[in-house]
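Student: Sending over start_19.txt (compact mmCIF, C-alpha atoms and all ligand atoms).
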# COMPACT_ATOMS: atom_id res chain seq x y z
CA MET A 229 126.70 88.29 54.01
CA ASP A 230 123.24 87.15 53.11
CA TYR A 231 120.53 88.03 55.63
CA PHE A 232 120.19 84.62 57.29
CA GLU A 233 123.96 84.22 57.45
CA LEU A 234 124.08 87.62 59.16
CA LEU A 235 121.46 86.45 61.68
CA ARG A 236 123.68 83.49 62.50
CA TYR A 237 126.52 85.88 63.39
CA ARG A 238 124.36 88.35 65.30
CA LYS A 239 124.73 88.11 69.05
CA SER A 240 125.16 90.34 72.08
CA THR A 241 128.83 91.06 72.76
CA ARG A 242 129.81 91.88 76.34
CA LYS A 243 133.60 91.94 76.08
CA PHE A 244 135.44 94.39 73.87
CA THR A 245 139.03 95.27 73.07
CA ASP A 246 140.21 98.85 73.68
CA ALA A 247 140.52 99.57 69.93
CA GLN A 248 138.20 102.28 68.68
CA ILE A 249 136.01 101.58 65.65
CA SER A 250 137.01 103.33 62.44
CA PRO A 251 135.22 106.48 61.24
CA SER A 252 134.01 104.60 58.16
CA ASN A 253 132.51 101.83 60.31
CA LEU A 254 130.79 104.47 62.44
CA THR A 255 129.39 106.07 59.28
CA THR A 256 128.09 102.67 58.12
CA ILE A 257 126.38 102.09 61.48
CA LEU A 258 124.80 105.55 61.43
CA THR A 259 123.62 104.88 57.86
CA ALA A 260 121.95 101.72 59.13
CA ALA A 261 120.23 103.79 61.84
CA ASN A 262 118.93 106.17 59.20
CA SER A 263 117.68 103.21 57.15
CA ALA A 264 115.41 101.95 59.94
CA PRO A 265 111.66 102.45 59.75
CA VAL A 266 110.17 105.11 62.03
CA GLY A 267 106.46 105.50 62.85
CA SER A 268 104.65 108.21 60.85
CA ASN A 269 107.96 108.99 59.09
CA LEU A 270 108.81 111.25 62.07
CA TYR A 271 112.60 111.02 61.79
CA ARG A 272 112.78 114.54 63.22
CA ASP A 273 111.60 113.09 66.55
CA ILE A 274 114.75 110.97 66.81
CA HIS A 275 118.20 112.09 67.87
CA LEU A 276 121.41 110.04 68.05
CA THR A 277 124.35 110.75 70.34
CA VAL A 278 127.70 109.08 69.66
CA VAL A 279 129.82 108.92 72.82
CA GLN A 280 133.49 107.98 72.41
CA ASN A 281 134.76 109.82 75.48
CA ARG A 282 135.69 107.49 78.35
CA ASP A 283 135.12 110.16 81.04
CA VAL A 284 131.60 110.71 79.77
CA LEU A 285 130.89 106.96 79.71
CA ASP A 286 132.24 106.61 83.23
CA LYS A 287 129.97 109.43 84.38
CA LEU A 288 126.98 107.85 82.65
CA SER A 289 127.64 104.47 84.24
CA GLU A 290 127.32 105.85 87.80
CA ALA A 291 123.59 105.18 88.08
CA ALA A 292 123.87 101.69 86.61
CA ALA A 293 126.73 100.79 88.94
CA LYS A 294 124.69 101.98 91.92
CA ARG A 295 121.63 100.03 90.79
CA TRP A 296 123.82 96.93 90.28
CA GLU A 297 124.45 96.91 94.05
CA ASP A 298 120.83 95.83 94.58
CA LYS A 299 121.53 92.17 93.82
CA ALA A 300 117.96 91.00 94.49
CA LYS A 301 116.68 93.40 91.87
CA VAL A 302 119.49 92.60 89.46
CA LYS A 303 118.68 88.87 89.70
CA LYS A 304 115.14 89.62 88.53
CA ILE A 305 116.38 91.80 85.69
CA VAL A 306 118.98 89.49 84.19
CA GLY A 307 116.30 86.89 83.39
CA ASP A 308 117.75 84.16 81.19
CA MET A 309 120.88 86.16 80.48
CA PRO A 310 124.15 84.49 81.43
CA ALA A 311 124.54 85.76 85.00
CA ALA A 312 128.33 85.51 85.14
CA GLU A 313 128.59 89.25 85.72
CA LEU A 314 126.25 89.04 88.72
CA SER A 315 129.10 88.36 91.11
CA GLN A 316 131.04 91.40 89.92
CA LYS A 317 131.53 93.97 92.64
CA SER A 318 131.44 96.89 90.28
CA TYR A 319 129.54 96.97 87.06
CA ASP A 320 130.27 98.74 83.80
CA PRO A 321 127.02 98.71 81.82
CA PHE A 322 129.01 99.49 78.66
CA TYR A 323 131.36 96.52 79.12
CA GLY A 324 134.35 98.67 78.17
CA ALA A 325 133.03 99.34 74.66
CA PRO A 326 134.82 102.34 73.10
CA THR A 327 131.68 103.66 71.36
CA VAL A 328 128.16 103.95 72.70
CA ILE A 329 125.37 105.36 70.56
CA PHE A 330 122.27 106.60 72.37
CA VAL A 331 118.88 106.80 70.67
CA SER A 332 116.77 109.64 72.04
CA HIS A 333 113.20 110.52 71.20
CA ARG A 334 111.24 113.72 71.42
CA ARG A 335 108.80 113.51 74.34
CA GLN A 336 105.32 113.03 72.91
CA ASP A 337 101.91 111.72 73.96
CA ILE A 338 100.16 111.56 70.58
CA GLN A 339 101.08 107.89 70.00
CA PRO A 340 102.01 106.63 73.48
CA GLY A 341 104.81 104.07 73.42
CA ILE A 342 105.72 104.47 69.76
CA GLU A 343 108.98 106.06 70.84
CA PHE A 344 110.22 102.76 72.28
CA SER A 345 109.30 100.92 69.08
CA ASN A 346 111.15 103.49 67.01
CA ALA A 347 114.22 103.29 69.23
CA ALA A 348 114.21 99.47 68.99
CA CYS A 349 113.99 99.51 65.18
CA ILE A 350 116.89 101.95 64.94
CA THR A 351 119.01 100.12 67.47
CA TYR A 352 118.44 96.73 65.85
CA SER A 353 119.40 98.14 62.47
CA MET A 354 122.70 99.35 63.98
CA HIS A 355 123.20 95.99 65.74
CA LEU A 356 122.90 94.11 62.43
CA ALA A 357 125.20 96.57 60.66
CA ALA A 358 127.82 96.08 63.38
CA ALA A 359 127.61 92.28 62.92
CA GLU A 360 128.00 92.68 59.15
CA LEU A 361 131.18 94.70 59.82
CA GLY A 362 132.51 92.01 62.19
CA LEU A 363 132.05 94.37 65.16
CA GLY A 364 130.55 93.39 68.49
CA SER A 365 127.56 95.25 69.88
CA VAL A 366 124.94 95.01 72.59
CA PHE A 367 121.73 96.90 73.30
CA MET A 368 121.88 99.31 76.24
CA TRP A 369 118.74 99.44 78.35
CA PHE A 370 120.03 98.90 81.87
CA ALA A 371 122.12 102.06 81.98
CA LEU A 372 119.31 104.31 80.80
CA GLU A 373 116.65 102.75 83.02
CA SER A 374 119.02 103.14 85.96
CA MET A 375 119.37 106.81 85.15
CA ARG A 376 115.61 107.18 85.25
CA GLU A 377 115.24 105.15 88.43
CA ILE A 378 117.91 106.97 90.41
CA PRO A 379 117.02 110.58 89.63
CA GLU A 380 119.74 112.06 91.81
CA LEU A 381 122.24 110.40 89.45
CA ASP A 382 120.32 111.31 86.32
CA ASN A 383 123.02 112.08 83.82
CA THR A 384 120.76 112.96 80.91
CA SER A 385 122.29 116.44 80.70
CA VAL A 386 125.70 114.83 80.15
CA LEU A 387 124.46 113.75 76.71
CA LYS A 388 123.84 117.38 75.72
CA LEU A 389 120.54 116.50 74.09
CA PRO A 390 118.40 119.01 72.25
CA ASP A 391 115.50 120.32 74.36
CA GLY A 392 112.57 117.94 74.73
CA PHE A 393 114.47 114.75 73.90
CA GLU A 394 114.89 111.75 76.21
CA PRO A 395 117.38 108.88 75.79
CA LEU A 396 115.47 105.59 75.49
CA LEU A 397 117.90 102.99 74.22
CA GLY A 398 121.50 102.69 73.21
CA ILE A 399 124.01 100.36 71.69
CA ALA A 400 127.59 99.71 72.77
CA VAL A 401 129.87 98.96 69.83
CA GLY A 402 133.47 97.87 69.50
CA HIS A 403 135.81 95.15 68.41
CA PRO A 404 134.75 91.94 70.14
CA ALA A 405 137.32 90.32 72.43
CA GLN A 406 136.45 87.09 70.62
CA ALA A 407 135.54 87.22 66.94
CA LEU A 408 131.85 86.76 66.24
CA SER A 409 131.06 83.17 65.34
CA ALA A 410 128.03 81.64 63.67
CA ARG A 411 125.31 80.09 65.83
CA ALA A 412 122.52 77.81 64.75
CA LEU A 413 119.30 79.68 64.13
CA LYS A 414 116.52 78.79 66.56
CA THR A 415 112.82 78.47 65.89
CA ASP A 416 111.53 77.85 69.41
CA ARG A 417 112.68 80.84 71.48
CA ILE A 418 109.39 82.65 71.03
CA THR A 419 105.97 81.03 71.35
CA VAL A 420 103.56 81.37 68.45
CA ASN A 421 99.86 80.70 68.09
CA TYR A 422 98.09 80.49 64.80
CA LEU A 423 94.56 81.48 63.90
CA ARG A 424 93.81 79.74 60.62
C1 LIG B 1 115.45 96.12 74.30
C2 LIG B 1 116.71 95.38 74.72
C3 LIG B 1 117.44 95.85 75.79
C4 LIG B 1 118.62 95.19 76.16
N1 LIG B 1 119.39 95.73 77.16
C5 LIG B 1 120.54 95.15 77.51
C6 LIG B 1 121.37 95.73 78.50
O1 LIG B 1 121.09 96.79 79.06
N2 LIG B 1 122.51 95.09 78.83
C7 LIG B 1 122.87 93.91 78.22
O2 LIG B 1 123.93 93.38 78.57
N3 LIG B 1 122.11 93.33 77.28
C8 LIG B 1 120.96 93.92 76.89
N4 LIG B 1 120.18 93.38 75.90
C9 LIG B 1 120.64 92.15 75.20
C10 LIG B 1 119.77 90.92 75.56
O3 LIG B 1 120.05 90.52 76.87
C11 LIG B 1 120.10 89.81 74.54
O4 LIG B 1 119.69 90.23 73.26
C12 LIG B 1 119.43 88.49 74.86
O5 LIG B 1 119.92 87.97 76.08
C13 LIG B 1 119.63 87.44 73.76
O6 LIG B 1 121.01 87.21 73.54
P1 LIG B 1 121.64 87.41 72.08
O7 LIG B 1 121.43 88.85 71.66
O8 LIG B 1 123.12 87.10 72.22
O9 LIG B 1 120.95 86.46 71.13
C14 LIG B 1 119.03 94.01 75.49
C15 LIG B 1 118.27 93.55 74.40
C16 LIG B 1 117.14 94.23 74.01
C17 LIG B 1 116.36 93.75 72.80
Represent the structure contained in this file as structure tokens.

Tutor:
Amino acid sequence: MDYFELLRYRKSTRKFTDAQISPSNLTTILTAANSAPVGSNLYRDIHLTVVQNRDVLDKLSEAAAKRWEDKAKVKKIVGDMPAAELSQKSYDPFYGAPTVIFVSHRRQDIQPGIEFSNAACITYSMHLAAAELGLGSVFMWFALESMREIPELDNTSVLKLPDGFEPLLGIAVGHPAQALSARALKTDRITVNYLR
């Protein structure tokens, strides 16, 4: 697919089939992660965790499900997102996806905030690769923020991260319940000002 065609197919998928992605598709997605730019070339500050174990995902979703109970807060968070899931009694932040890849970063204070930029670049690269493969995917922020906000349910250790790393972003990947379809590209979602 050419790049702009790929952008037409890229979207956030929130409904997946149970079928696991193939090992070769996973390798392609991890290759895309490794192809992303990282500030100061510090790839050693990044760590990826591939979770394909349902029990682990269920454990990780505890904090998000608890946070989802605070509907007033959730309403503020969902923003312009379709709020169909708002009425759900229980909430699976991973939407039943069979694979979730977490992007963790070494804790650092030399370039404050660069870790989030790095995680976003890597995650977006995987998101585009998934679309190219016809797979559905969606960024995972809510689950990780919930884990930070509800420390007693902090499941960071469940990810078995190397010392000093913190999970910042993730991506849920799987076969979409409905095949990806092309959307018109927009030019007015983001405001722009020009200094000429
Ligand atoms: C940094 C970031 C975090 C996100 N976190 C979540 C999330 O936790 N859960 C979710 O369902 N969608 C999440 N999204 C997806 C956005 O809601 C989605 O990209 C946006 O609504 C635009 O829709 P589209 O991707 O289909 O064009 C996230 C996107 C980004 C860039």

Student: Select the residues contacting ligand LIG 1 (chain B) at a distance of at most 8 Å, based on only C-alpha atoms and all ligand atoms, then format the selection as a list in words.

Tutor: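 So, counting only C-alpha atoms and all ligand atoms, the residues near ligand LIG 1 (chain B) are Arg238, Lys239, Ser240, Thr241, Arg242, Val306, Asp308, Met309, Pro310, Pro321, Phe322, Ala348, Tyr352, Val366, Phe367, Met368, Trp369, Phe370, Ala371, Leu372 and Leu397 of chain A.
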
Student: Would you write out those residues with C-alpha atoms, as a PDB file, keeping the file's coordinate frame?

Tutor:
ATOM      1  CA  ARG A 238     124.360  88.350  65.300  1.00  0.00           C
ATOM      2  CA  LYS A 239     124.730  88.110  69.050  1.00  0.00           C
ATOM      3  CA  SER A 240     125.160  90.340  72.080  1.00  0.00           C
ATOM      4  CA  THR A 241     128.830  91.060  72.760  1.00  0.00           C
ATOM      5  CA  ARG A 242     129.810  91.880  76.340  1.00  0.00           C
ATOM      6  CA  VAL A 306     118.980  89.490  84.190  1.00  0.00           C
ATOM      7  CA  ASP A 308     117.750  84.160  81.190  1.00  0.00           C
ATOM      8  CA  MET A 309     120.880  86.160  80.480  1.00  0.00           C
ATOM      9  CA  PRO A 310     124.150  84.490  81.430  1.00  0.00           C
ATOM     10  CA  PRO A 321     127.020  98.710  81.820  1.00  0.00           C
ATOM     11  CA  PHE A 322     129.010  99.490  78.660  1.00  0.00           C
ATOM     12  CA  ALA A 348     114.210  99.470  68.990  1.00  0.00           C
ATOM     13  CA  TYR A 352     118.440  96.730  65.850  1.00  0.00           C
ATOM     14  CA  VAL A 366     124.940  95.010  72.590  1.00  0.00           C
ATOM     15  CA  PHE A 367     121.730  96.900  73.300  1.00  0.00           C
ATOM     16  CA  MET A 368     121.880  99.310  76.240  1.00  0.00           C
ATOM     17  CA  TRP A 369     118.740  99.440  78.350  1.00  0.00           C
ATOM     18  CA  PHE A 370     120.030  98.900  81.870  1.00  0.00           C
ATOM     19  CA  ALA A 371     122.120 102.060  81.980  1.00  0.00           C
ATOM     20  CA  LEU A 372     119.310 104.310  80.800  1.00  0.00           C
ATOM     21  CA  LEU A 397     117.900 102.990  74.220  1.00  0.00           C
TER      22      LEU A 397
END

Student: Find the residue from A:Tyr323, A:Phe244, A:Trp296, A:Tyr237 that sits nearest to A:Ser409; use only C-alpha atoms when measuring.

Tutor: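 Closest residue, counting only C-alpha atoms: A:Tyr237.
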
Student: May I have a table of the residues of stretch 295-383 of chain A lying at most 10 Å from stretch 231-234 of chain A, giving each one's closest pair of atoms and their distance in Å to one decimal, counting all atoms listed in the file, ordered by chain and ascending residue number, as a tab-separated table?

Tutor:
residue	atom	partner	partner_atom	distance
A:Leu356	CA	A:Leu234	CA	7.4
A:Ala357	CA	A:Leu234	CA	9.1
A:Ala359	CA	A:Leu234	CA	7.0
A:Glu360	CA	A:Leu234	CA	6.4
A:Gly362	CA	A:Leu234	CA	10.0

Student: Give as number ranges by chain each residue that has an atom at most 12 Å from (128.2, 103.4, 62.4) in the file, counting all atoms listed in the file.

Tutor: A: 248-263, 276-279, 327-329, 350-351, 353-361, 363-365, 399-402

Student: Hey, can you check how far atom CA of A:Phe330 sits from atom CA of A:Asn346?

Tutor: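 Separation of atom CA of A:Phe330 and atom CA of A:Asn346: 12.7 Å.
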
Student: Under the rule of at most 7 Å, produce a per-residue listing of stretch 344-409 of chain A near stretch 284-295 of chain A: chain, number, name, the closest pair of atoms, and the distance in Å, as a tab-separated table, using only C-alpha atoms.

Tutor:
residue	atom	partner	partner_atom	distance
A:Phe370	CA	A:Ala292	CA	6.7
A:Ala371	CA	A:Ala292	CA	5.0
A:Ser374	CA	A:Ala292	CA	5.1
A:Met375	CA	A:Ala291	CA	5.4
A:Ile378	CA	A:Ala291	CA	6.4
A:Leu381	CA	A:Ala291	CA	5.6
A:Asn383	CA	A:Leu288	CA	5.9

Student: One decimal, in Å: what's the spacing between atom CA of A:Ser332 and atom CA of A:His275?

Tutor: 5.0 Å

Student: Could you state the separation of atom CA of A:Ile274 and atom CA of A:Ser385 in Å, given to one decimal place?

Tutor: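 Going from atom CA of A:Ile274 over to atom CA of A:Ser385, I get 16.7 Å.
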
Student: Using only C-alpha atoms, give me every residue within 8 Å of (137.3, 98.1, 73.0) in file coordinates, as a ChimeraX atom specification.

Tutor: /A:243-248,324-326,402-405

Student: Would you put the residues from that selection into a file with C-alpha atoms, as a PDB file, keeping the file's coordinate frame?

Tutor:
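Contents of the output file part.pdb:
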ATOM      1  CA  LYS A 243     133.600  91.940  76.080  1.00  0.00           C
ATOM      2  CA  PHE A 244     135.440  94.390  73.870  1.00  0.00           C
ATOM      3  CA  THR A 245     139.030  95.270  73.070  1.00  0.00           C
ATOM      4  CA  ASP A 246     140.210  98.850  73.680  1.00  0.00           C
ATOM      5  CA  ALA A 247     140.520  99.570  69.930  1.00  0.00           C
ATOM      6  CA  GLN A 248     138.200 102.280  68.680  1.00  0.00           C
ATOM      7  CA  GLY A 324     134.350  98.670  78.170  1.00  0.00           C
ATOM      8  CA  ALA A 325     133.030  99.340  74.660  1.00  0.00           C
ATOM      9  CA  PRO A 326     134.820 102.340  73.100  1.00  0.00           C
ATOM     10  CA  GLY A 402     133.470  97.870  69.500  1.00  0.00           C
ATOM     11  CA  HIS A 403     135.810  95.150  68.410  1.00  0.00           C
ATOM     12  CA  PRO A 404     134.750  91.940  70.140  1.00  0.00           C
ATOM     13  CA  ALA A 405     137.320  90.320  72.430  1.00  0.00           C
TER      14      ALA A 405
END

Student: So for stretch 320-339 of chain A, what box centre and size do we get, axis-aligned, 4 Å extra on each of the six sides, every listed atom, Å to one decimal, as lines of an AutoDock Vina configuration file?

Tutor:
center_x = 117.5
center_y = 105.1
center_z = 76.9
size_x = 42.7
size_y = 25.2
size_z = 21.8

Student: Name all residues at most 10 Å from stretch 339-344 of chain A (count all atoms listed in the file; drop same-chain ones fewer than 2 positions away) and give them as number ranges by chain.

Tutor: A: 266-268, 273-274, 331-337, 346-350, 394, 396-397

Student: Pull C-alpha atoms from the residues just selected and write them as a JSON list (two decimals), keeping the file's coordinate frame.

Tutor:
[["chain", "number", "residue", "atom", "x", "y", "z"],
["A", 266, "VAL", "CA", 110.17, 105.11, 62.03],
["A", 267, "GLY", "CA", 106.46, 105.50, 62.85],
["A", 268, "SER", "CA", 104.65, 108.21, 60.85],
["A", 273, "ASP", "CA", 111.60, 113.09, 66.55],
["A", 274, "ILE", "CA", 114.75, 110.97, 66.81],
["A", 331, "VAL", "CA", 118.88, 106.80, 70.67],
["A", 332, "SER", "CA", 116.77, 109.64, 72.04],
["A", 333, "HIS", "CA", 113.20, 110.52, 71.20],
["A", 334, "ARG", "CA", 111.24, 113.72, 71.42],
["A", 335, "ARG", "CA", 108.80, 113.51, 74.34],
["A", 336, "GLN", "CA", 105.32, 113.03, 72.91],
["A", 337, "ASP", "CA", 101.91, 111.72, 73.96],
["A", 346, "ASN", "CA", 111.15, 103.49, 67.01],
["A", 347, "ALA", "CA", 114.22, 103.29, 69.23],
["A", 348, "ALA", "CA", 114.21, 99.47, 68.99],
["A", 349, "CYS", "CA", 113.99, 99.51, 65.18],
["A", 350, "ILE", "CA", 116.89, 101.95, 64.94],
["A", 394, "GLU", "CA", 114.89, 111.75, 76.21],
["A", 396, "LEU", "CA", 115.47, 105.59, 75.49],
["A", 397, "LEU", "CA", 117.90, 102.99, 74.22]]
